[in-house]
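Data block for data_2.csv (CSV, C-alpha atoms):
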```
chain,number,residue,atom,x,y,z
A,746,MET,CA,7.8,7.1,-43.7
A,747,CYS,CA,10.5,4.5,-43.7
A,748,ALA,CA,13.1,7.0,-44.7
A,749,ALA,CA,12.0,9.3,-41.8
A,750,ALA,CA,12.3,6.5,-39.3
A,751,TRP,CA,15.7,5.5,-40.7
A,752,TRP,CA,16.9,9.1,-40.4
A,753,LEU,CA,15.5,9.5,-36.9
A,754,ARG,CA,17.2,6.2,-35.7
A,755,LYS,CA,20.5,7.2,-37.3
A,756,ARG,CA,20.3,10.7,-35.8
A,757,LEU,CA,19.5,9.6,-32.3
A,758,GLY,CA,21.9,6.7,-32.2
A,759,ARG,CA,21.8,4.1,-29.4
A,760,ARG,CA,21.4,6.5,-26.4
A,761,GLY,CA,19.3,9.2,-27.9
A,762,PRO,CA,15.9,7.5,-27.7
A,763,PHE,CA,16.5,6.9,-23.9
A,764,LEU,CA,17.2,10.6,-23.5
A,765,VAL,CA,14.1,11.6,-25.5
A,766,PHE,CA,11.8,9.5,-23.4
A,767,MET,CA,13.5,10.5,-20.1
A,768,GLY,CA,13.3,14.2,-21.1
A,769,ILE,CA,9.6,14.0,-22.0
A,770,GLY,CA,8.9,12.1,-18.7
A,771,LYS,CA,10.7,14.7,-16.6
A,772,VAL,CA,8.9,17.6,-18.3
A,773,CYS,CA,5.5,15.9,-17.7
A,774,PHE,CA,6.4,15.0,-14.1
A,775,GLY,CA,7.4,18.7,-13.4
A,776,ALA,CA,4.2,20.0,-15.1
A,777,SER,CA,2.1,17.7,-12.8
A,778,PHE,CA,3.5,19.5,-9.8
A,779,ILE,CA,2.4,22.8,-11.3
A,780,PHE,CA,-1.0,21.9,-12.6
A,781,THR,CA,-2.0,19.4,-9.8
A,782,PRO,CA,0.3,20.1,-6.8
A,783,PRO,CA,0.5,17.1,-4.4
A,784,ALA,CA,1.1,17.2,-0.7
A,785,ALA,CA,4.8,17.9,-0.1
A,786,ALA,CA,5.1,15.1,2.5
A,787,GLY,CA,8.8,14.1,2.8
A,788,LEU,CA,10.0,17.0,0.7
A,789,GLY,CA,10.6,19.4,3.6
A,790,LEU,CA,14.3,19.6,2.8
A,791,LEU,CA,13.5,21.0,-0.6
A,792,THR,CA,10.5,23.2,0.4
A,793,ARG,CA,12.7,24.8,3.0
A,794,PHE,CA,14.5,26.5,0.2
A,795,ALA,CA,11.8,27.0,-2.4
A,796,PRO,CA,8.1,26.1,-2.8
A,797,LEU,CA,7.2,23.0,-4.7
A,798,HIS,CA,6.2,24.7,-7.9
A,799,CYS,CA,9.8,26.1,-8.1
A,800,TRP,CA,11.1,22.6,-7.8
A,801,ALA,CA,8.7,21.6,-10.5
A,802,TRP,CA,10.6,23.9,-12.8
A,803,VAL,CA,13.8,22.1,-12.0
A,804,TRP,CA,12.2,18.9,-13.4
A,805,ILE,CA,11.0,20.8,-16.5
A,806,ILE,CA,14.3,22.5,-17.2
A,807,CYS,CA,16.3,19.3,-16.6
A,808,GLY,CA,13.8,17.4,-18.8
A,809,THR,CA,14.2,19.9,-21.6
A,810,ALA,CA,18.0,19.7,-21.4
A,811,THR,CA,17.8,15.9,-21.4
A,812,PHE,CA,15.5,15.9,-24.5
A,813,CYS,CA,17.8,18.4,-26.3
A,814,CYS,CA,20.9,16.4,-25.5
A,815,ALA,CA,19.4,13.4,-27.2
A,816,TRP,CA,20.1,15.0,-30.6
A,817,LEU,CA,23.8,15.5,-29.9
A,818,ARG,CA,26.5,13.1,-31.0
A,819,PHE,CA,27.8,10.4,-28.7
A,820,GLY,CA,30.2,12.0,-26.2
A,821,GLN,CA,28.5,15.3,-26.4
A,822,ASP,CA,25.2,13.8,-25.1
A,823,GLY,CA,26.7,13.2,-21.6
A,824,TRP,CA,25.2,16.3,-20.2
A,825,GLY,CA,21.8,14.9,-20.9
A,826,PHE,CA,22.4,12.1,-18.4
A,827,VAL,CA,23.7,14.6,-15.9
A,828,ALA,CA,20.5,16.7,-16.4
A,829,ALA,CA,18.3,13.6,-16.1
A,830,SER,CA,20.0,12.6,-12.8
A,831,ILE,CA,19.6,16.0,-11.0
A,832,PRO,CA,15.9,16.0,-10.1
A,833,PRO,CA,15.5,12.4,-9.0
A,834,ALA,CA,18.7,12.6,-7.0
A,835,GLY,CA,17.4,15.7,-5.3
A,836,TRP,CA,14.1,14.0,-4.6
A,837,ALA,CA,15.9,10.9,-3.3
A,838,PHE,CA,18.0,12.8,-0.9
A,839,ALA,CA,15.1,14.9,0.4
A,840,TYR,CA,13.1,11.8,1.0
A,841,GLY,CA,16.1,10.0,2.6
A,842,TRP,CA,16.7,12.9,4.9
A,843,ALA,CA,13.1,13.0,6.0
A,844,GLY,CA,13.2,9.3,6.6
A,845,LEU,CA,16.4,9.6,8.7
A,846,LEU,CA,14.9,12.4,10.8
A,847,GLY,CA,11.7,10.4,11.3
A,848,ASP,CA,9.6,13.1,9.7
A,849,TYR,CA,8.5,10.8,6.9
A,850,THR,CA,9.2,7.1,7.5
A,851,ARG,CA,8.4,6.1,4.0
A,852,GLY,CA,11.2,8.4,2.9
A,853,LEU,CA,13.9,5.8,3.2
A,854,TRP,CA,12.0,3.5,0.9
A,855,LEU,CA,11.5,6.3,-1.6
A,856,PHE,CA,15.2,7.1,-1.4
A,857,VAL,CA,16.1,3.6,-2.4
A,858,TRP,CA,13.5,3.6,-5.2
A,859,TYR,CA,14.7,6.9,-6.7
A,860,ILE,CA,18.4,5.9,-6.5
A,861,THR,CA,17.9,2.4,-8.0
A,862,SER,CA,15.1,2.5,-10.4
A,863,HIS,CA,15.5,6.1,-11.5
A,864,CYS,CA,19.1,7.3,-11.1
A,865,GLY,CA,20.6,3.8,-11.4
A,866,VAL,CA,18.9,3.3,-14.7
A,867,ILE,CA,20.1,6.7,-16.0
A,868,TRP,CA,23.6,5.9,-14.9
A,869,CYS,CA,23.6,2.5,-16.5
A,870,ALA,CA,22.2,3.9,-19.8
A,871,SER,CA,25.0,6.6,-19.8
A,872,ARG,CA,27.5,3.7,-20.0
A,873,VAL,CA,26.1,2.3,-23.2
A,874,PRO,CA,28.7,2.7,-26.0
A,875,PRO,CA,27.5,4.0,-29.4
A,876,ASP,CA,27.9,0.6,-31.1
A,877,ALA,CA,26.5,-1.6,-28.3
A,878,GLY,CA,24.8,-4.7,-29.6
A,879,SER,CA,26.2,-4.4,-33.1
A,880,PRO,CA,27.4,-7.6,-34.8
A,881,ARG,CA,31.0,-6.2,-34.5
A,882,THR,CA,30.8,-6.0,-30.7
A,883,LEU,CA,28.6,-9.0,-29.8
A,884,GLY,CA,30.4,-11.5,-27.5
A,885,GLN,CA,33.3,-9.3,-26.6
A,886,ALA,CA,32.5,-9.4,-22.9
A,887,ALA,CA,32.7,-13.2,-22.9
A,888,GLU,CA,36.0,-13.3,-24.9
A,889,GLY,CA,37.9,-11.5,-22.1
A,890,ARG,CA,36.8,-13.9,-19.3
A,891,PRO,CA,39.1,-16.8,-18.2
A,892,GLY,CA,38.0,-20.4,-18.5
```

Reformat the file's structure so that it appears as structure tokens.
Amino acid sequence: MCAAAWWLRKRLGRRGPFLVFMGIGKVCFGASFIFTPPAAAGLGLLTRFAPLHCWAWVWIICGTATFCCAWLRFGQDGWGFVAASIPPAGWAFAYGWAGLLGDYTRGLWLFVWYITSHCGVIWCASRVPPDAGSPRTLGQAAEGRPG
């Protein structure tokens, strides 16, 4: 068991576990739109082009790509962060647009939520270097600061 955990940790590296969990979450979120479709309030910009179940497949496909990229080496896993960003960014802008038009006043709040707590977290995680937090790199940020 310990050897399997060591192999998994070594294989995924520092950014892989994040991509694994984000991928699984996106697949589940997309599946929820297929199995239990909610009201499409605020998503009129998206549903103008395709029904909600089609947009659910965007979440599922991007989640699958995100999950698969977790297993790639650092530098090659970048597409996982791009794939992870596409659905929430689309949702954010659809909600923001509905909020600006006055069709869904809650949309502006949802725009900020998706951009900060979803896309922002993904973009911050994409900046984590492969050796972040290792004894070799600890304290380097403080060394470069004056005074």

Skip Ala829 (chain A) itself and residues of its chain fewer than 5 positions away, then list as a count of residues only all residues within 9 Å of it, counting all atoms listed in the file. 12

Residue neighbourhood Tyr840 (chain A), 7 Å, only C-alpha atoms, exclusion window fewer than 4 positions, as a PyMOL selection string: chain A and resi 787-788+836+844+852-853+855-856

Taking only C-alpha atoms into account, which of A:Val803, A:Leu790, A:Leu845, A:Ala784 comes nearest Ile831 (chain A)?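 Of A:Val803, A:Leu790, A:Leu845, A:Ala784, the one nearest Ile831 (chain A), counting only C-alpha atoms, is A:Val803.
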
May I have the protein, DNA and RNA residues with any atom at most 12 Å from the point (20.3, 14.4, -24.1), counting all atoms listed in the file, written as a VMD selection string? chain A and resid 757 to 769 807 to 830 867 870 to 871

Interatomic distance (Å, one decimal) between CA of Cys799 (chain A) and CA of Gly841 (chain A):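 Rounded to one decimal, the two atoms are 20.3 Å apart.
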
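A straight line drawn from CA of Val873 (chain A) to CA of Ala801 (chain A) is 28.9 Å long.
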
Centre, edges in Å (one decimal): axis-aligned box, region 838-854 of chain A, 5 Å padding on all six sides, as lines of an AutoDock Vina configuration file:
```
center_x = 13.2
center_y = 9.2
center_z = 5.2
size_x = 19.6
size_y = 21.4
size_z = 22.2
```

Have a look at CA of Trp800 (chain A) and CA of Gly770 (chain A) and let me know their distance in Å, one decimal. 15.3 Å

Exercise: Ala786 (chain A) partners within 10 Å, only C-alpha atoms, chain neighbours under 3 positions left out, as a PyMOL selection string: chain A and resi 783+789+792+840+843+848-849+851-852

So which one's closest to Leu791 (chain A), A:Ile860, A:Leu846, A:Cys869, A:Ala839? Using all atoms listed in the file, please.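 Using all atoms listed in the file, the shortest distance to Leu791 (chain A) belongs to A:Ala839.
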